[in-house]
>>> print(open('data-v9.pdb').read())   # PDB, C-alpha atoms
ATOM      1  CA  MET K1157      99.337 159.090  45.738
ATOM      2  CA  PRO K1158     103.128 159.002  45.546
ATOM      3  CA  LYS K1159     104.913 160.463  42.556
ATOM      4  CA  THR K1160     106.293 157.954  40.086
ATOM      5  CA  ALA K1161     109.420 158.484  38.008
ATOM      6  CA  ARG K1162     109.792 156.490  34.804
ATOM      7  CA  VAL K1163     113.265 155.394  33.804
ATOM      8  CA  TYR K1164     114.017 153.974  30.361
ATOM      9  CA  VAL K1165     117.266 152.066  29.996
ATOM     10  CA  THR K1166     118.326 151.206  26.452
ATOM     11  CA  LEU K1167     121.430 149.727  24.872
ATOM     12  CA  LYS K1168     123.617 152.323  23.211
ATOM     13  CA  ARG K1169     123.556 152.386  19.415
ATOM     14  CA  GLY K1170     126.281 150.104  18.147
ATOM     15  CA  VAL K1171     126.054 147.672  21.038
ATOM     16  CA  LEU K1172     124.918 144.254  19.836
ATOM     17  CA  ASP K1173     121.549 143.098  21.163
ATOM     18  CA  PRO K1174     121.375 139.306  20.667
ATOM     19  CA  GLN K1175     118.206 139.067  22.767
ATOM     20  CA  GLY K1176     116.511 141.629  20.530
ATOM     21  CA  SER K1177     117.689 139.778  17.421
ATOM     22  CA  ALA K1178     116.203 136.556  18.777
ATOM     23  CA  VAL K1179     112.858 138.284  19.317
ATOM     24  CA  ALA K1180     112.996 139.717  15.781
ATOM     25  CA  ARG K1181     113.651 136.229  14.376
ATOM     26  CA  SER K1182     110.744 134.811  16.366
ATOM     27  CA  LEU K1183     108.447 137.544  15.037
ATOM     28  CA  HIS K1184     109.538 136.725  11.481
ATOM     29  CA  ALA K1185     108.842 133.050  12.152
ATOM     30  CA  LEU K1186     105.323 134.059  13.223
ATOM     31  CA  GLY K1187     104.848 135.880   9.910
ATOM     32  CA  TYR K1188     105.465 139.481  10.955
ATOM     33  CA  ASP K1189     107.715 140.354   8.050
ATOM     34  CA  GLU K1190     107.293 144.098   8.556
ATOM     35  CA  VAL K1191     109.609 143.894  11.575
ATOM     36  CA  ALA K1192     113.064 145.193  10.619
ATOM     37  CA  ASP K1193     114.759 145.109  13.989
ATOM     38  CA  VAL K1194     114.008 144.739  17.704
ATOM     39  CA  ARG K1195     115.945 146.286  20.590
ATOM     40  CA  LEU K1196     115.148 145.320  24.154
ATOM     41  CA  GLY K1197     115.457 147.740  27.017
ATOM     42  CA  LYS K1198     114.249 148.157  30.563
ATOM     43  CA  PHE K1199     111.350 150.233  31.803
ATOM     44  CA  ILE K1200     111.638 151.022  35.514
ATOM     45  CA  GLU K1201     108.919 152.690  37.558
ATOM     46  CA  VAL K1202     110.334 154.274  40.706
ATOM     47  CA  ALA K1203     107.663 155.368  43.187
ATOM     48  CA  LEU K1204     108.893 158.240  45.320
ATOM     49  CA  ARG K1205     107.677 158.905  48.837
ATOM     50  CA  GLU K1206     105.489 161.988  49.020
ATOM     51  CA  GLY K1207     107.019 164.917  50.799
ATOM     52  CA  ALA K1208     110.240 163.041  51.363
ATOM     53  CA  ALA K1209     111.496 163.898  47.899
ATOM     54  CA  PRO K1210     114.254 166.463  48.004
ATOM     55  CA  ALA K1211     114.375 169.448  45.659
ATOM     56  CA  ASP K1212     117.089 167.815  43.589
ATOM     57  CA  GLU K1213     114.878 164.833  42.767
ATOM     58  CA  LYS K1214     115.960 164.568  39.151
ATOM     59  CA  ALA K1215     119.666 164.804  40.025
ATOM     60  CA  ARG K1216     119.271 162.025  42.577
ATOM     61  CA  LEU K1217     117.442 159.847  40.052
ATOM     62  CA  GLU K1218     120.289 160.361  37.586
ATOM     63  CA  GLU K1219     122.685 159.275  40.312
ATOM     64  CA  MET K1220     120.604 156.121  40.955
ATOM     65  CA  CYS K1221     120.789 155.314  37.238
ATOM     66  CA  ARG K1222     124.522 155.796  37.096
ATOM     67  CA  LYS K1223     125.154 153.811  40.278
ATOM     68  CA  LEU K1224     122.673 150.974  39.966
ATOM     69  CA  LEU K1225     119.932 151.013  37.360
ATOM     70  CA  ALA K1226     121.973 151.343  34.175
ATOM     71  CA  ASN K1227     125.379 150.140  33.036
ATOM     72  CA  THR K1228     126.537 153.380  31.440
ATOM     73  CA  VAL K1229     129.341 151.657  29.540
ATOM     74  CA  ILE K1230     126.825 150.015  27.221
ATOM     75  CA  GLU K1231     123.486 151.584  28.175
ATOM     76  CA  ASP K1232     121.802 154.965  27.936
ATOM     77  CA  PHE K1233     119.043 156.084  30.272
ATOM     78  CA  ARG K1234     116.244 158.594  30.135
ATOM     79  CA  ILE K1235     114.209 159.841  33.108
ATOM     80  CA  GLU K1236     110.634 161.110  33.023
ATOM     81  CA  LEU K1237     109.315 162.760  36.147
TER      82      LEU K1237
ATOM     83  CA  MET U1399     114.448 156.019   8.293
ATOM     84  CA  PRO U1400     112.155 153.180   9.333
ATOM     85  CA  LYS U1401     109.307 153.820  11.706
ATOM     86  CA  THR U1402     109.828 152.619  15.262
ATOM     87  CA  ALA U1403     107.083 151.393  17.549
ATOM     88  CA  ARG U1404     107.663 151.492  21.279
ATOM     89  CA  VAL U1405     106.178 148.753  23.405
ATOM     90  CA  TYR U1406     106.046 148.951  27.197
ATOM     91  CA  VAL U1407     105.449 145.710  29.050
ATOM     92  CA  THR U1408     104.682 146.005  32.748
ATOM     93  CA  LEU U1409     103.569 143.589  35.439
ATOM     94  CA  LYS U1410      99.897 143.884  36.279
ATOM     95  CA  ARG U1411      99.055 145.587  39.565
ATOM     96  CA  GLY U1412      98.857 142.954  42.256
ATOM     97  CA  VAL U1413     101.480 140.711  40.709
ATOM     98  CA  LEU U1414     104.507 140.439  42.975
ATOM     99  CA  ASP U1415     107.749 141.884  41.566
ATOM    100  CA  PRO U1416     110.628 140.392  43.588
ATOM    101  CA  GLN U1417     113.192 141.795  41.148
ATOM    102  CA  GLY U1418     111.783 145.283  41.632
ATOM    103  CA  SER U1419     111.791 144.819  45.400
ATOM    104  CA  ALA U1420     115.454 143.814  45.276
ATOM    105  CA  VAL U1421     116.279 146.975  43.324
ATOM    106  CA  ALA U1422     114.333 149.074  45.845
ATOM    107  CA  ARG U1423     116.270 147.480  48.712
ATOM    108  CA  SER U1424     119.566 148.173  46.945
ATOM    109  CA  LEU U1425     118.583 151.810  46.431
ATOM    110  CA  HIS U1426     117.750 152.091  50.137
ATOM    111  CA  ALA U1427     121.140 150.579  50.973
ATOM    112  CA  LEU U1428     122.732 153.274  48.824
ATOM    113  CA  GLY U1429     120.918 155.940  50.846
ATOM    114  CA  TYR U1430     118.014 156.760  48.529
ATOM    115  CA  ASP U1431     115.346 156.720  51.194
ATOM    116  CA  GLU U1432     112.858 158.636  49.052
ATOM    117  CA  VAL U1433     112.278 155.465  47.000
ATOM    118  CA  ALA U1434     108.978 153.889  48.046
ATOM    119  CA  ASP U1435     108.740 151.113  45.493
ATOM    120  CA  VAL U1436     110.297 149.907  42.244
ATOM    121  CA  ARG U1437     108.585 147.943  39.472
ATOM    122  CA  LEU U1438     110.589 146.564  36.583
ATOM    123  CA  GLY U1439     109.195 146.269  33.098
ATOM    124  CA  LYS U1440     110.394 145.886  29.542
ATOM    125  CA  PHE U1441     110.826 148.562  26.923
ATOM    126  CA  ILE U1442     110.870 147.139  23.410
ATOM    127  CA  GLU U1443     111.693 149.144  20.310
ATOM    128  CA  VAL U1444     110.327 147.498  17.182
ATOM    129  CA  ALA U1445     111.668 148.990  13.959
ATOM    130  CA  LEU U1446     109.193 148.529  11.130
ATOM    131  CA  ARG U1447     110.181 148.270   7.477
ATOM    132  CA  GLU U1448     109.196 151.325   5.516
ATOM    133  CA  GLY U1449     106.450 150.797   2.991
ATOM    134  CA  ALA U1450     106.039 147.208   4.032
ATOM    135  CA  ALA U1451     103.894 148.161   6.995
ATOM    136  CA  PRO U1452     100.262 147.208   6.445
ATOM    137  CA  ALA U1453      97.390 149.539   7.203
ATOM    138  CA  ASP U1454      96.527 147.633  10.350
ATOM    139  CA  GLU U1455      99.964 148.233  11.872
ATOM    140  CA  LYS U1456      98.697 148.831  15.407
ATOM    141  CA  ALA U1457      96.463 145.765  15.355
ATOM    142  CA  ARG U1458      99.403 143.621  14.196
ATOM    143  CA  LEU U1459     101.610 145.032  16.945
ATOM    144  CA  GLU U1460      98.940 144.158  19.510
ATOM    145  CA  GLU U1461      98.907 140.652  18.097
ATOM    146  CA  MET U1462     102.729 140.438  18.435
ATOM    147  CA  CYS U1463     102.419 141.484  22.071
ATOM    148  CA  ARG U1464      99.736 138.926  22.806
ATOM    149  CA  LYS U1465     101.576 136.134  21.010
ATOM    150  CA  LEU U1466     105.175 136.789  21.969
ATOM    151  CA  LEU U1467     106.246 140.015  23.632
ATOM    152  CA  ALA U1468     104.059 139.982  26.730
ATOM    153  CA  ASN U1469     102.659 137.295  28.985
ATOM    154  CA  THR U1470      99.127 138.657  29.249
ATOM    155  CA  VAL U1471      98.322 136.488  32.261
ATOM    156  CA  ILE U1472     100.597 138.610  34.433
ATOM    157  CA  GLU U1473     101.637 141.517  32.204
ATOM    158  CA  ASP U1474     100.031 144.548  30.608
ATOM    159  CA  PHE U1475     101.361 146.178  27.480
ATOM    160  CA  ARG U1476     101.111 149.590  25.883
ATOM    161  CA  ILE U1477     102.050 150.466  22.312
ATOM    162  CA  GLU U1478     103.236 153.846  21.065
ATOM    163  CA  LEU U1479     103.446 154.317  17.322
TER     164      LEU U1479
END
>>> encode(input="data-v9.pdb", output="structure tokens")
Amino acid sequence: MPKTARVYVTLKRGVLDPQGSAVARSLHALGYDEVADVRLGKFIEVALREGAAPADEKARLEEMCRKLLANTVIEDFRIEL
Amino acid sequence: MPKTARVYVTLKRGVLDPQGSAVARSLHALGYDEVADVRLGKFIEVALREGAAPADEKARLEEMCRKLLANTVIEDFRIEL
């Protein structure tokens, strides 16, 4: 079974999330008044080839996030290996 | 500080993920050959009002997922409270 890295990409605090606000409003409309706020992010599962993974796996994943998976101007990312 | 629930929405195994495949191809093009596969999902942070949360918090969150946050025909969801 190949190893899977989990990457979480979230909007930085302070960045407006209109999509999240729309979801929050929809939840209120459905009667879920306990919802204070919703923020939408991405959850990315990256399957890594067995054996092929170099020793600096985590560093390379961070590079992938910075280059492609996340927009670091407005987004933060977190990697779980 | 309000409590935050984390919801992970992922495509069910067997459901094609063309967006994930496109990301995997882009990573290969960037030289990350260790990437075997990419699956994209959603990561939703739901802030819950303090005190207002009913005892059956988890059950209500599951209901929100079934009604709005996930398409249970093709997606699975997981809730962390």
>>> closest_atom_pairs(input="data-v9.pdb", of="chain K", to="chain U", cutoff="10 Å", atoms="only C-alpha atoms", output="Markdown table")
| residue | atom | partner | partner_atom | distance |
| --- | --- | --- | --- | --- |
| K:Pro1158 | CA | U:Ala1434 | CA | 8.2 |
| K:Lys1159 | CA | U:Ala1434 | CA | 9.5 |
| K:Thr1160 | CA | U:Asp1435 | CA | 9.1 |
| K:Ala1161 | CA | U:Val1436 | CA | 9.6 |
| K:Arg1162 | CA | U:Arg1437 | CA | 9.8 |
| K:Val1163 | CA | U:Leu1438 | CA | 9.6 |
| K:Tyr1164 | CA | U:Phe1441 | CA | 7.2 |
| K:Val1165 | CA | U:Phe1441 | CA | 7.9 |
| K:Thr1166 | CA | U:Phe1441 | CA | 8.0 |
| K:Gly1176 | CA | U:Ile1442 | CA | 8.4 |
| K:Val1179 | CA | U:Leu1467 | CA | 8.1 |
| K:Ala1180 | CA | U:Val1444 | CA | 8.3 |
| K:Ser1182 | CA | U:Leu1466 | CA | 8.1 |
| K:Leu1183 | CA | U:Met1462 | CA | 7.3 |
| K:Leu1186 | CA | U:Met1462 | CA | 8.6 |
| K:Gly1187 | CA | U:Met1462 | CA | 9.9 |
| K:Tyr1188 | CA | U:Met1462 | CA | 8.0 |
| K:Asp1189 | CA | U:Ala1450 | CA | 8.1 |
| K:Glu1190 | CA | U:Arg1447 | CA | 5.2 |
| K:Val1191 | CA | U:Leu1446 | CA | 4.7 |
| K:Ala1192 | CA | U:Leu1446 | CA | 5.1 |
| K:Asp1193 | CA | U:Ala1445 | CA | 5.0 |
| K:Val1194 | CA | U:Val1444 | CA | 4.6 |
| K:Arg1195 | CA | U:Glu1443 | CA | 5.1 |
| K:Leu1196 | CA | U:Ile1442 | CA | 4.7 |
| K:Gly1197 | CA | U:Phe1441 | CA | 4.7 |
| K:Lys1198 | CA | U:Lys1440 | CA | 4.6 |
| K:Phe1199 | CA | U:Gly1439 | CA | 4.7 |
| K:Ile1200 | CA | U:Leu1438 | CA | 4.7 |
| K:Glu1201 | CA | U:Arg1437 | CA | 5.1 |
| K:Val1202 | CA | U:Val1436 | CA | 4.6 |
| K:Ala1203 | CA | U:Asp1435 | CA | 5.0 |
| K:Leu1204 | CA | U:Val1433 | CA | 4.7 |
| K:Arg1205 | CA | U:Glu1432 | CA | 5.2 |
| K:Glu1206 | CA | U:Glu1432 | CA | 8.1 |
| K:Gly1207 | CA | U:Glu1432 | CA | 8.8 |
| K:Ala1208 | CA | U:Glu1432 | CA | 5.6 |
| K:Ala1209 | CA | U:Glu1432 | CA | 5.6 |
| K:Pro1210 | CA | U:Glu1432 | CA | 8.0 |
| K:Glu1213 | CA | U:Glu1432 | CA | 9.1 |
| K:Arg1216 | CA | U:Tyr1430 | CA | 8.0 |
| K:Leu1217 | CA | U:Tyr1430 | CA | 9.0 |
| K:Glu1219 | CA | U:Tyr1430 | CA | 9.8 |
| K:Met1220 | CA | U:Leu1425 | CA | 7.3 |
| K:Lys1223 | CA | U:Leu1428 | CA | 8.9 |
| K:Leu1224 | CA | U:Leu1425 | CA | 7.7 |
| K:Leu1225 | CA | U:Val1421 | CA | 8.1 |
>>> atom_distance(input="data-v9.pdb", atom1="CA of Asp1212 in chain K", atom2="CA of Glu1236 in chain K")
14.1 Å
>>> axis_aligned_box(input="data-v9.pdb", around="range 1166-1176 of chain K", padding_each_side="5 Å", output="JSON")
{"center_x": 121.4, "center_y": 145.7, "center_z": 22.3, "size_x": 19.8, "size_y": 23.3, "size_z": 18.3}
>>> atom_distance(input="data-v9.pdb", atom1="CA of Lys1456 in chain U", atom2="CA of Leu1479 in chain U")
7.5 Å
>>> atom_distance(input="data-v9.pdb", atom1="CA of Thr1470 in chain U", atom2="CA of Lys1410 in chain U")
8.8 Å
